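Shown here: coords-v1.pdb, PDB, C-alpha atoms, pLDDT in the B column.
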```pdb
ATOM      1  CA  MET H   1       0.000   0.000   0.000  1.00 91.00           C
ATOM      2  CA  ALA H   2       2.860   2.362   0.815  1.00 95.00           C
ATOM      3  CA  ARG H   3       4.404   1.625  -2.576  1.00 96.00           C
ATOM      4  CA  TYR H   4       1.151   2.508  -4.343  1.00 97.00           C
ATOM      5  CA  ARG H   5       1.133   5.910  -2.619  1.00 98.00           C
ATOM      6  CA  ALA H   6       4.846   6.630  -3.124  1.00 98.00           C
ATOM      7  CA  GLU H   7       4.847   5.692  -6.799  1.00 98.00           C
ATOM      8  CA  SER H   8       1.644   7.639  -7.399  1.00 98.00           C
ATOM      9  CA  GLU H   9       3.059  10.773  -5.807  1.00 98.00           C
ATOM     10  CA  SER H  10       6.222  10.455  -7.873  1.00 98.00           C
ATOM     11  CA  ALA H  11       4.294   9.826 -11.086  1.00 98.00           C
ATOM     12  CA  VAL H  12       2.129  12.947 -10.851  1.00 98.00           C
ATOM     13  CA  ASP H  13       4.792  15.311  -9.483  1.00 98.00           C
ATOM     14  CA  GLY H  14       4.894  18.139 -12.026  1.00 97.00           C
ATOM     15  CA  LEU H  15       2.553  16.317 -14.407  1.00 98.00           C
ATOM     16  CA  PRO H  16      -0.038  18.513 -16.163  1.00 97.00           C
ATOM     17  CA  GLY H  17      -3.541  17.803 -15.004  1.00 97.00           C
ATOM     18  CA  HIS H  18      -6.680  18.824 -13.148  1.00 97.00           C
ATOM     19  CA  PRO H  19      -6.843  17.240  -9.683  1.00 98.00           C
ATOM     20  CA  GLY H  20      -9.774  17.281  -7.274  1.00 98.00           C
ATOM     21  CA  ILE H  21     -12.723  17.764  -9.662  1.00 98.00           C
ATOM     22  CA  VAL H  22     -16.176  16.937  -8.237  1.00 98.00           C
ATOM     23  CA  TYR H  23     -17.695  14.485 -10.711  1.00 98.00           C
ATOM     24  CA  ASP H  24     -20.843  13.552  -8.777  1.00 98.00           C
ATOM     25  CA  GLU H  25     -22.871  16.247  -7.064  1.00 97.00           C
ATOM     26  CA  ALA H  26     -24.958  13.754  -5.081  1.00 97.00           C
ATOM     27  CA  SER H  27     -21.981  12.280  -3.226  1.00 98.00           C
ATOM     28  CA  GLY H  28     -19.450  15.083  -3.654  1.00 98.00           C
ATOM     29  CA  GLU H  29     -16.853  12.538  -4.765  1.00 98.00           C
ATOM     30  CA  ARG H  30     -13.880  13.785  -6.767  1.00 98.00           C
ATOM     31  CA  LEU H  31     -11.523  12.603  -9.459  1.00 98.00           C
ATOM     32  CA  ASP H  32      -8.058  13.549 -10.689  1.00 98.00           C
ATOM     33  CA  VAL H  33      -7.142  14.098 -14.333  1.00 98.00           C
ATOM     34  CA  TRP H  34      -3.455  13.574 -15.127  1.00 98.00           C
ATOM     35  CA  GLY H  35      -1.255  13.603 -18.198  1.00 98.00           C
ATOM     36  CA  VAL H  36      -3.140  15.944 -20.499  1.00 96.00           C
ATOM     37  CA  GLY H  37      -1.196  17.470 -23.373  1.00 91.00           C
ATOM     38  CA  ASP H  38      -1.252  20.313 -25.865  1.00 90.00           C
ATOM     39  CA  ASP H  39      -1.772  17.907 -28.747  1.00 90.00           C
ATOM     40  CA  GLY H  40      -5.571  17.929 -28.532  1.00 90.00           C
ATOM     41  CA  PRO H  41      -7.917  15.671 -26.566  1.00 97.00           C
ATOM     42  CA  ARG H  42      -6.139  12.503 -25.489  1.00 98.00           C
ATOM     43  CA  PRO H  43      -7.481   8.985 -25.092  1.00 98.00           C
ATOM     44  CA  VAL H  44      -8.125   8.352 -21.428  1.00 98.00           C
ATOM     45  CA  PHE H  45      -7.494   5.453 -19.073  1.00 98.00           C
ATOM     46  CA  VAL H  46      -9.919   5.527 -16.138  1.00 98.00           C
ATOM     47  CA  PHE H  47      -8.406   3.554 -13.264  1.00 98.00           C
ATOM     48  CA  LEU H  48     -10.680   2.238 -10.492  1.00 98.00           C
ATOM     49  CA  HIS H  49      -8.780   1.390  -7.326  1.00 98.00           C
ATOM     50  CA  GLY H  50      -9.200  -1.788  -5.324  1.00 97.00           C
ATOM     51  CA  GLY H  51      -9.240  -2.390  -1.582  1.00 96.00           C
ATOM     52  CA  TYR H  52     -12.308  -4.661  -1.254  1.00 95.00           C
ATOM     53  CA  TRP H  53     -14.494  -1.556  -1.724  1.00 98.00           C
ATOM     54  CA  MET H  54     -13.445  -0.366   1.754  1.00 97.00           C
ATOM     55  CA  ALA H  55      -9.863   0.926   1.425  1.00 97.00           C
ATOM     56  CA  LEU H  56      -7.458   2.961  -0.739  1.00 98.00           C
ATOM     57  CA  SER H  57      -8.177   6.140  -2.680  1.00 98.00           C
ATOM     58  CA  ARG H  58      -7.303   8.091  -5.794  1.00 98.00           C
ATOM     59  CA  ALA H  59      -4.143   9.327  -4.042  1.00 98.00           C
ATOM     60  CA  ASP H  60      -2.812   5.748  -4.106  1.00 98.00           C
ATOM     61  CA  SER H  61      -3.792   4.992  -7.648  1.00 98.00           C
ATOM     62  CA  SER H  62      -2.082   7.151 -10.275  1.00 98.00           C
ATOM     63  CA  PHE H  63       1.243   5.301 -10.493  1.00 98.00           C
ATOM     64  CA  MET H  64       0.746   4.706 -14.233  1.00 98.00           C
ATOM     65  CA  ALA H  65       0.001   8.355 -15.081  1.00 98.00           C
ATOM     66  CA  ARG H  66       3.487   9.497 -16.117  1.00 98.00           C
ATOM     67  CA  THR H  67       4.148   6.481 -18.327  1.00 98.00           C
ATOM     68  CA  LEU H  68       0.801   6.883 -20.067  1.00 98.00           C
ATOM     69  CA  HIS H  69       1.375  10.631 -20.455  1.00 98.00           C
ATOM     70  CA  GLU H  70       4.648   9.883 -22.252  1.00 97.00           C
ATOM     71  CA  HIS H  71       2.675   7.712 -24.682  1.00 97.00           C
ATOM     72  CA  GLY H  72      -0.026  10.323 -25.351  1.00 97.00           C
ATOM     73  CA  ILE H  73      -2.637   8.928 -22.973  1.00 98.00           C
ATOM     74  CA  ALA H  74      -4.329  10.764 -20.088  1.00 98.00           C
ATOM     75  CA  THR H  75      -5.271   9.121 -16.786  1.00 98.00           C
ATOM     76  CA  VAL H  76      -8.398   9.693 -14.697  1.00 98.00           C
ATOM     77  CA  VAL H  77      -8.573   8.319 -11.163  1.00 98.00           C
ATOM     78  CA  PRO H  78     -11.883   8.676  -9.289  1.00 98.00           C
ATOM     79  CA  ASP H  79     -12.552   8.289  -5.612  1.00 98.00           C
ATOM     80  CA  TYR H  80     -15.730   6.546  -4.487  1.00 98.00           C
ATOM     81  CA  THR H  81     -17.355   6.440  -1.074  1.00 98.00           C
ATOM     82  CA  LEU H  82     -16.008   3.422   0.761  1.00 98.00           C
ATOM     83  CA  ALA H  83     -18.016   0.668   2.455  1.00 98.00           C
ATOM     84  CA  PRO H  84     -19.635   0.502   4.936  1.00 97.00           C
ATOM     85  CA  LYS H  85     -20.488   4.186   4.563  1.00 98.00           C
ATOM     86  CA  ALA H  86     -21.808   3.443   1.077  1.00 98.00           C
ATOM     87  CA  THR H  87     -23.590   0.351  -0.210  1.00 98.00           C
ATOM     88  CA  LEU H  88     -22.051  -1.506  -3.119  1.00 98.00           C
ATOM     89  CA  GLU H  89     -24.972  -0.376  -5.280  1.00 98.00           C
ATOM     90  CA  GLU H  90     -24.045   3.232  -4.476  1.00 98.00           C
ATOM     91  CA  ILE H  91     -20.362   2.608  -5.185  1.00 98.00           C
ATOM     92  CA  VAL H  92     -21.278   1.196  -8.602  1.00 98.00           C
ATOM     93  CA  ARG H  93     -23.511   4.206  -9.251  1.00 98.00           C
ATOM     94  CA  GLN H  94     -20.675   6.590  -8.416  1.00 98.00           C
ATOM     95  CA  VAL H  95     -18.182   4.787 -10.650  1.00 98.00           C
ATOM     96  CA  ARG H  96     -20.611   4.914 -13.552  1.00 98.00           C
ATOM     97  CA  ALA H  97     -21.159   8.610 -12.821  1.00 98.00           C
ATOM     98  CA  SER H  98     -17.408   9.136 -13.179  1.00 98.00           C
ATOM     99  CA  ILE H  99     -17.586   7.611 -16.668  1.00 98.00           C
ATOM    100  CA  ALA H 100     -20.497   9.904 -17.467  1.00 98.00           C
ATOM    101  CA  TRP H 101     -18.423  12.899 -16.316  1.00 98.00           C
ATOM    102  CA  VAL H 102     -15.547  11.937 -18.625  1.00 98.00           C
ATOM    103  CA  HIS H 103     -17.976  11.549 -21.524  1.00 98.00           C
ATOM    104  CA  ARG H 104     -19.697  14.895 -20.902  1.00 98.00           C
ATOM    105  CA  HIS H 105     -16.886  17.088 -19.602  1.00 98.00           C
ATOM    106  CA  GLY H 106     -13.700  15.367 -20.650  1.00 97.00           C
ATOM    107  CA  ARG H 107     -13.064  17.444 -23.738  1.00 97.00           C
ATOM    108  CA  GLU H 108     -12.955  20.594 -21.570  1.00 96.00           C
ATOM    109  CA  HIS H 109     -10.110  18.962 -19.633  1.00 97.00           C
ATOM    110  CA  GLY H 110      -8.052  17.590 -22.515  1.00 97.00           C
ATOM    111  CA  LEU H 111      -9.747  14.178 -22.723  1.00 98.00           C
ATOM    112  CA  ASP H 112     -11.267  12.440 -25.737  1.00 98.00           C
ATOM    113  CA  PRO H 113     -14.747  11.193 -24.719  1.00 98.00           C
ATOM    114  CA  GLY H 114     -14.736   8.875 -27.708  1.00 97.00           C
ATOM    115  CA  ARG H 115     -11.719   6.910 -26.457  1.00 98.00           C
ATOM    116  CA  ILE H 116     -12.422   5.846 -22.873  1.00 98.00           C
ATOM    117  CA  VAL H 117     -10.659   2.736 -21.565  1.00 98.00           C
ATOM    118  CA  VAL H 118     -11.557   1.536 -18.054  1.00 98.00           C
ATOM    119  CA  GLY H 119      -9.375  -0.622 -15.817  1.00 98.00           C
ATOM    120  CA  GLY H 120      -9.064  -1.524 -12.173  1.00 98.00           C
ATOM    121  CA  SER H 121      -7.583  -4.005  -9.751  1.00 97.00           C
ATOM    122  CA  SER H 122      -9.339  -6.475  -7.425  1.00 97.00           C
ATOM    123  CA  ALA H 123     -12.499  -4.656  -6.265  1.00 98.00           C
ATOM    124  CA  GLY H 124     -11.620  -2.158  -8.978  1.00 98.00           C
ATOM    125  CA  GLY H 125     -11.660  -5.064 -11.422  1.00 98.00           C
ATOM    126  CA  HIS H 126     -15.202  -5.821 -10.281  1.00 98.00           C
ATOM    127  CA  LEU H 127     -16.164  -2.169 -10.751  1.00 98.00           C
ATOM    128  CA  THR H 128     -14.555  -2.218 -14.201  1.00 98.00           C
ATOM    129  CA  GLY H 129     -16.788  -5.144 -15.051  1.00 97.00           C
ATOM    130  CA  MET H 130     -19.808  -3.167 -13.889  1.00 98.00           C
ATOM    131  CA  THR H 131     -18.961  -0.491 -16.469  1.00 97.00           C
ATOM    132  CA  MET H 132     -18.501  -3.090 -19.208  1.00 96.00           C
ATOM    133  CA  VAL H 133     -21.957  -4.660 -18.919  1.00 96.00           C
ATOM    134  CA  GLY H 134     -25.071  -3.265 -20.560  1.00 94.00           C
ATOM    135  CA  GLY H 135     -28.267  -1.865 -19.123  1.00 92.00           C
ATOM    136  CA  TRP H 136     -27.014   1.242 -17.295  1.00 96.00           C
ATOM    137  CA  GLN H 137     -25.849   3.620 -19.993  1.00 96.00           C
ATOM    138  CA  GLU H 138     -29.252   4.815 -21.227  1.00 95.00           C
ATOM    139  CA  GLU H 139     -30.350   6.027 -17.792  1.00 96.00           C
ATOM    140  CA  LEU H 140     -27.310   8.322 -17.701  1.00 97.00           C
ATOM    141  CA  GLY H 141     -27.826   9.494 -21.277  1.00 97.00           C
ATOM    142  CA  LEU H 142     -24.704   7.715 -22.493  1.00 98.00           C
ATOM    143  CA  PRO H 143     -24.114   5.703 -25.651  1.00 96.00           C
ATOM    144  CA  GLU H 144     -24.022   1.956 -25.149  1.00 95.00           C
ATOM    145  CA  ASP H 145     -20.386   1.920 -26.263  1.00 96.00           C
ATOM    146  CA  VAL H 146     -19.214   4.729 -23.954  1.00 97.00           C
ATOM    147  CA  VAL H 147     -16.588   2.325 -22.570  1.00 97.00           C
ATOM    148  CA  LYS H 148     -14.574   1.558 -25.668  1.00 97.00           C
ATOM    149  CA  ALA H 149     -12.230  -1.023 -24.066  1.00 97.00           C
ATOM    150  CA  ALA H 150     -11.462  -2.456 -20.639  1.00 97.00           C
ATOM    151  CA  MET H 151      -8.655  -4.064 -18.661  1.00 98.00           C
ATOM    152  CA  PRO H 152      -9.667  -5.515 -15.286  1.00 97.00           C
ATOM    153  CA  PHE H 153      -6.942  -6.983 -13.057  1.00 96.00           C
ATOM    154  CA  SER H 154      -7.558  -9.825 -10.603  1.00 96.00           C
ATOM    155  CA  GLY H 155     -11.214  -8.926 -10.547  1.00 97.00           C
ATOM    156  CA  LEU H 156     -14.206 -10.344  -8.733  1.00 96.00           C
ATOM    157  CA  PHE H 157     -16.807 -10.973 -11.412  1.00 98.00           C
ATOM    158  CA  ASP H 158     -19.179 -13.257  -9.498  1.00 98.00           C
ATOM    159  CA  ILE H 159     -19.293 -11.765  -6.026  1.00 98.00           C
ATOM    160  CA  ARG H 160     -21.714 -14.226  -4.425  1.00 98.00           C
ATOM    161  CA  PRO H 161     -18.812 -15.833  -2.488  1.00 96.00           C
ATOM    162  CA  ILE H 162     -18.290 -12.486  -0.727  1.00 96.00           C
ATOM    163  CA  THR H 163     -21.428 -13.232   1.293  1.00 97.00           C
ATOM    164  CA  ARG H 164     -19.471 -16.007   3.057  1.00 96.00           C
ATOM    165  CA  VAL H 165     -16.285 -14.115   4.044  1.00 95.00           C
ATOM    166  CA  TYR H 166     -15.285 -11.341   6.435  1.00 95.00           C
ATOM    167  CA  VAL H 167     -15.627  -8.636   3.775  1.00 95.00           C
ATOM    168  CA  ASN H 168     -19.381  -8.994   4.061  1.00 97.00           C
ATOM    169  CA  GLU H 169     -19.217  -7.370   7.489  1.00 96.00           C
ATOM    170  CA  TYR H 170     -18.559  -4.170   5.524  1.00 96.00           C
ATOM    171  CA  VAL H 171     -20.499  -4.593   2.262  1.00 97.00           C
ATOM    172  CA  LYS H 172     -23.464  -6.414   3.893  1.00 97.00           C
ATOM    173  CA  LEU H 173     -24.663  -8.328   0.830  1.00 98.00           C
ATOM    174  CA  ASP H 174     -27.131 -11.162   0.555  1.00 98.00           C
ATOM    175  CA  VAL H 175     -26.886 -13.678  -2.278  1.00 98.00           C
ATOM    176  CA  GLU H 176     -29.629 -12.025  -4.359  1.00 98.00           C
ATOM    177  CA  ARG H 177     -27.999  -8.576  -4.217  1.00 98.00           C
ATOM    178  CA  ALA H 178     -24.576 -10.080  -4.854  1.00 98.00           C
ATOM    179  CA  ALA H 179     -25.877 -11.786  -8.003  1.00 98.00           C
ATOM    180  CA  ALA H 180     -27.365  -8.502  -9.226  1.00 98.00           C
ATOM    181  CA  LEU H 181     -23.956  -6.862  -8.756  1.00 98.00           C
ATOM    182  CA  SER H 182     -21.934  -9.600 -10.486  1.00 98.00           C
ATOM    183  CA  PRO H 183     -20.682  -8.672 -13.981  1.00 97.00           C
ATOM    184  CA  ALA H 184     -20.338 -12.337 -14.932  1.00 96.00           C
ATOM    185  CA  LEU H 185     -24.063 -12.837 -14.363  1.00 96.00           C
ATOM    186  CA  LEU H 186     -25.375  -9.679 -16.050  1.00 95.00           C
ATOM    187  CA  PRO H 187     -26.377  -9.059 -19.685  1.00 85.00           C
ATOM    188  CA  HIS H 188     -23.356  -8.312 -21.801  1.00 80.00           C
ATOM    189  CA  GLY H 189     -25.011  -6.677 -24.789  1.00 74.00           C
ATOM    190  CA  ARG H 190     -22.211  -5.073 -26.742  1.00 81.00           C
ATOM    191  CA  ARG H 191     -18.854  -6.660 -25.934  1.00 88.00           C
ATOM    192  CA  CYS H 192     -16.088  -4.067 -25.819  1.00 93.00           C
ATOM    193  CA  PRO H 193     -12.501  -5.148 -26.510  1.00 93.00           C
ATOM    194  CA  ALA H 194     -10.972  -6.359 -23.253  1.00 95.00           C
ATOM    195  CA  VAL H 195      -7.851  -7.795 -21.698  1.00 96.00           C
ATOM    196  CA  VAL H 196      -8.663  -9.712 -18.514  1.00 97.00           C
ATOM    197  CA  ALA H 197      -5.432  -9.912 -16.513  1.00 97.00           C
ATOM    198  CA  VAL H 198      -4.572 -11.876 -13.385  1.00 98.00           C
ATOM    199  CA  ALA H 199      -1.338 -12.590 -11.536  1.00 98.00           C
ATOM    200  CA  GLU H 200       0.277 -16.012 -11.696  1.00 97.00           C
ATOM    201  CA  HIS H 201       0.602 -16.056  -7.889  1.00 97.00           C
ATOM    202  CA  ASP H 202      -2.860 -14.699  -7.194  1.00 96.00           C
ATOM    203  CA  GLY H 203      -5.387 -16.639  -5.154  1.00 91.00           C
ATOM    204  CA  ALA H 204      -7.064 -19.562  -6.890  1.00 94.00           C
ATOM    205  CA  GLY H 205     -10.446 -17.843  -6.683  1.00 94.00           C
ATOM    206  CA  PHE H 206      -9.193 -14.734  -8.477  1.00 95.00           C
ATOM    207  CA  VAL H 207      -7.445 -16.772 -11.174  1.00 97.00           C
ATOM    208  CA  GLY H 208     -10.527 -18.919 -11.695  1.00 97.00           C
ATOM    209  CA  GLN H 209     -12.855 -15.943 -11.952  1.00 97.00           C
ATOM    210  CA  SER H 210     -10.624 -14.186 -14.482  1.00 97.00           C
ATOM    211  CA  ARG H 211     -10.344 -17.339 -16.573  1.00 96.00           C
ATOM    212  CA  ALA H 212     -14.134 -17.694 -16.567  1.00 95.00           C
ATOM    213  CA  PHE H 213     -14.820 -14.014 -17.313  1.00 96.00           C
ATOM    214  CA  ALA H 214     -12.439 -13.490 -20.223  1.00 95.00           C
ATOM    215  CA  PRO H 215     -14.262 -15.723 -22.751  1.00 93.00           C
ATOM    216  CA  LEU H 216     -17.538 -13.897 -22.080  1.00 90.00           C
ATOM    217  CA  TRP H 217     -15.941 -10.870 -23.735  1.00 86.00           C
ATOM    218  CA  GLY H 218     -14.449 -12.618 -26.706  1.00 79.00           C
ATOM    219  CA  ALA H 219     -11.091 -11.941 -25.096  1.00 69.00           C
ATOM    220  CA  GLY H 220      -9.878 -15.510 -25.419  1.00 85.00           C
ATOM    221  CA  GLU H 221      -8.025 -16.725 -22.363  1.00 93.00           C
ATOM    222  CA  ALA H 222      -7.212 -14.542 -19.388  1.00 96.00           C
ATOM    223  CA  MET H 223      -3.771 -12.941 -19.435  1.00 97.00           C
ATOM    224  CA  VAL H 224      -1.880 -14.671 -16.614  1.00 97.00           C
ATOM    225  CA  VAL H 225       1.053 -12.434 -15.679  1.00 98.00           C
ATOM    226  CA  PRO H 226       4.077 -14.488 -14.558  1.00 97.00           C
ATOM    227  CA  ASP H 227       5.962 -13.802 -11.344  1.00 97.00           C
ATOM    228  CA  ARG H 228       3.326 -11.378 -10.028  1.00 98.00           C
ATOM    229  CA  ASP H 229       0.882 -11.554  -7.127  1.00 97.00           C
ATOM    230  CA  HIS H 230      -2.457  -9.922  -6.327  1.00 96.00           C
ATOM    231  CA  PHE H 231      -0.879  -6.702  -5.098  1.00 96.00           C
ATOM    232  CA  ASP H 232       2.013  -6.030  -7.464  1.00 97.00           C
ATOM    233  CA  VAL H 233       0.595  -7.094 -10.841  1.00 97.00           C
ATOM    234  CA  VAL H 234      -1.141  -3.753 -11.375  1.00 97.00           C
ATOM    235  CA  LEU H 235       2.089  -1.817 -10.800  1.00 98.00           C
ATOM    236  CA  ASP H 236       3.274  -3.115 -14.175  1.00 98.00           C
ATOM    237  CA  LEU H 237       0.986  -0.495 -15.727  1.00 98.00           C
ATOM    238  CA  ALA H 238       3.798   1.959 -15.004  1.00 98.00           C
ATOM    239  CA  ASP H 239       6.195  -0.032 -17.211  1.00 98.00           C
ATOM    240  CA  ALA H 240       5.462   0.397 -20.907  1.00 98.00           C
ATOM    241  CA  GLU H 241       7.803  -2.500 -21.737  1.00 98.00           C
ATOM    242  CA  SER H 242       6.055  -5.007 -19.473  1.00 98.00           C
ATOM    243  CA  ALA H 243       3.463  -7.412 -20.841  1.00 97.00           C
ATOM    244  CA  VAL H 244       0.792  -5.509 -18.932  1.00 97.00           C
ATOM    245  CA  GLY H 245       1.970  -2.130 -20.210  1.00 98.00           C
ATOM    246  CA  ARG H 246       2.117  -3.345 -23.790  1.00 98.00           C
ATOM    247  CA  ALA H 247      -1.376  -4.822 -23.518  1.00 97.00           C
ATOM    248  CA  LEU H 248      -2.861  -1.545 -22.279  1.00 98.00           C
ATOM    249  CA  LEU H 249      -1.083   0.513 -24.934  1.00 98.00           C
ATOM    250  CA  GLY H 250      -2.312  -1.931 -27.554  1.00 96.00           C
ATOM    251  CA  LEU H 251      -5.914  -1.556 -26.365  1.00 95.00           C
ATOM    252  CA  VAL H 252      -5.742   2.227 -26.506  1.00 96.00           C
ATOM    253  CA  ARG H 253      -4.035   2.335 -29.889  1.00 94.00           C
ATOM    254  CA  SER H 254      -6.690   0.044 -31.355  1.00 93.00           C
ATOM    255  CA  LEU H 255      -9.417   2.631 -30.745  1.00 94.00           C
TER     256      LEU H 255
END
```

Take the structure in the file and give it back as structure tokens.
Amino acid sequence: MARYRAESESAVDGLPGHPGIVYDEASGERLDVWGVGDDGPRPVFVFLHGGYWMALSRADSSFMARTLHEHGIATVVPDYTLAPKATLEEIVRQVRASIAWVHRHGREHGLDPGRIVVGGSSAGGHLTGMTMVGGWQEELGLPEDVVKAAMPFSGLFDIRPITRVYVNEYVKLDVERAAALSPALLPHGRRCPAVVAVAEHDGAGFVGQSRAFAPLWGAGEAMVVPDRDHFDVVLDLADAESAVGRALLGLVRSL
């Protein structure tokens, strides 16, 4: 966790951007925009932090911003209200509102609303999945393809098992609500291009869920990243020469 914060602070030090923008009036939650340029609106990587929906923040989660900036890509990192203060339904609503903000206001801040890629790790991988599925865009006045591509890391895509572990003391789900909040169980509609990544040394449950989720998106097999675990795999986003970095750059450049 300390490494996330230290590398994020280093990555954004002196980087052009617009930190601390309120994206959702209802909750007052904010996001940071990093790595904008003077070359016109840039494609944008929206990164959703993990922490089992109850820890971490945008301040810990911009470690990839400088690398992406150097490759012509902006980074947006939203906060969301953490459990148990917010229900998981509300957290999902806020994350989707952050995508709506990028679509509506991104161009004013150097972002291309037509090239939004969403990614996230662990709980952020789950939230990424909840932006990939269909059925929510119309209510927010967004096109069905607002998320052009996605890259979840070590995500939870069927969260019904959460009802049986300690995390449920904070998120307070029953099986029915968990199913309704599980990207693997929801209508897919349009399938955006996706890379579903998971660490070689991740827990068996995370590996299994990623391997099951990837084919639903026509993404072939999950990308199993060698010599990485649940916590360090996402840090490879800061290395453009890593397999993870190359995969993200490839997704963005395909848009």

Which residues would end up in the selection if the PyMOL selection byres ((chain H and resi 60) around 8) were applied here, given that I need the answer as a list in words?
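What the PyMOL selection byres ((chain H and resi 60) around 8) grabs from the file is Met1, Tyr4, Arg5, Ala6, Ser8, Glu9, Leu56, Ser57, Arg58, Ala59, Ser61, Ser62 and Phe63 of chain H.
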
Name the residues that the PyMOL selection byres ((chain H and resi 82-99) around 10) picks from the file above, as an NGL selection string, using the file's chain letters and numbers.
:H and (22-31 or 46 or 48 or 51-57 or 76-81 or 100-106 or 113 or 116-118 or 124 or 126-128 or 130-131 or 136-137 or 140 or 142 or 146-147 or 167-173 or 177-178 or 180-181)

CA of Trp34 (chain H) to CA of Trp217 (chain H), straight-line distance in Å:
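Between CA of Trp217 (chain H) and CA of Trp34 (chain H) the gap is 28.8 Å.
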
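In this structure, CA of Asp32 (chain H) sits 5.3 Å away from CA of Gly20 (chain H).
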
Quote the spacing between CA of Arg253 (chain H) and CA of Gly218 (chain H) in Å to one decimal place.
18.5 Å

Mind working out the centre and edge lengths of an axis-aligned box for region 26-45 of chain H, all listed atoms inside, 6 Å added to each side, rounded to one decimal in Å and written as JSON?
```
{"center_x": -13.1, "center_y": 12.9, "center_z": -16.0, "size_x": 35.8, "size_y": 26.9, "size_z": 37.5}
```

With a distance cut-off of 10 Å and all atoms listed in the file, select the neighbouring residues of Asp229 (chain H), excluding the residue or stretch itself and same-chain residues fewer than 3 positions from it, and output the selection as a list of chain:residue names.
H:Ser154, H:Val198, H:Ala199, H:Glu200, H:His201, H:Asp202, H:Gly203, H:Val225, H:Pro226, H:Asp232, H:Val233, H:Val234

Compare H:Ser182, H:Ser121, H:Thr67, H:Gln209 by their minimum atom-to-atom distance to Ala150 (chain H), counting only C-alpha atoms, and give me the closest one.
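The shortest atom-to-atom distance to Ala150 (chain H) comes from H:Ser121.
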
Surrounding residues of Phe213 (chain H) excluding itself and chain neighbours under 6 positions, 8 Å, all atoms listed in the file, as a PyMOL selection string
chain H and resi 157+184+196+222

Serialized selection, C-alpha atoms, as a PDB file, keeping the file's coordinate frame:
```pdb
ATOM      1  CA  PHE H 157     -16.807 -10.973 -11.412  1.00 98.00           C
ATOM      2  CA  ALA H 184     -20.338 -12.337 -14.932  1.00 96.00           C
ATOM      3  CA  VAL H 196      -8.663  -9.712 -18.514  1.00 97.00           C
ATOM      4  CA  ALA H 222      -7.212 -14.542 -19.388  1.00 96.00           C
TER       5      ALA H 222
END
```

Calculated over only C-alpha atoms, which of the candidates H:Gly114, H:Gly37, H:Pro183, H:Pro152 has the smallest distance to Ala247 (chain H)?
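Checking each of H:Gly114, H:Gly37, H:Pro183, H:Pro152 against Ala247 (chain H), counting only C-alpha atoms, the winner is H:Pro152.
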
I need the residue nearest Phe231 (chain H) from this list: H:Asp38, H:Asp112, H:Ala2, H:Met64. Use all atoms listed in the file for the distance.
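Of all the options, H:Ala2 lies closest to Phe231 (chain H).
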
Can you translate the PyMOL selection byres ((chain H and resi 192) around 7) into the concrete residues it hits in this file, as JSON, numbers by chain?
{"H": [148, 149, 190, 191, 193, 194]}
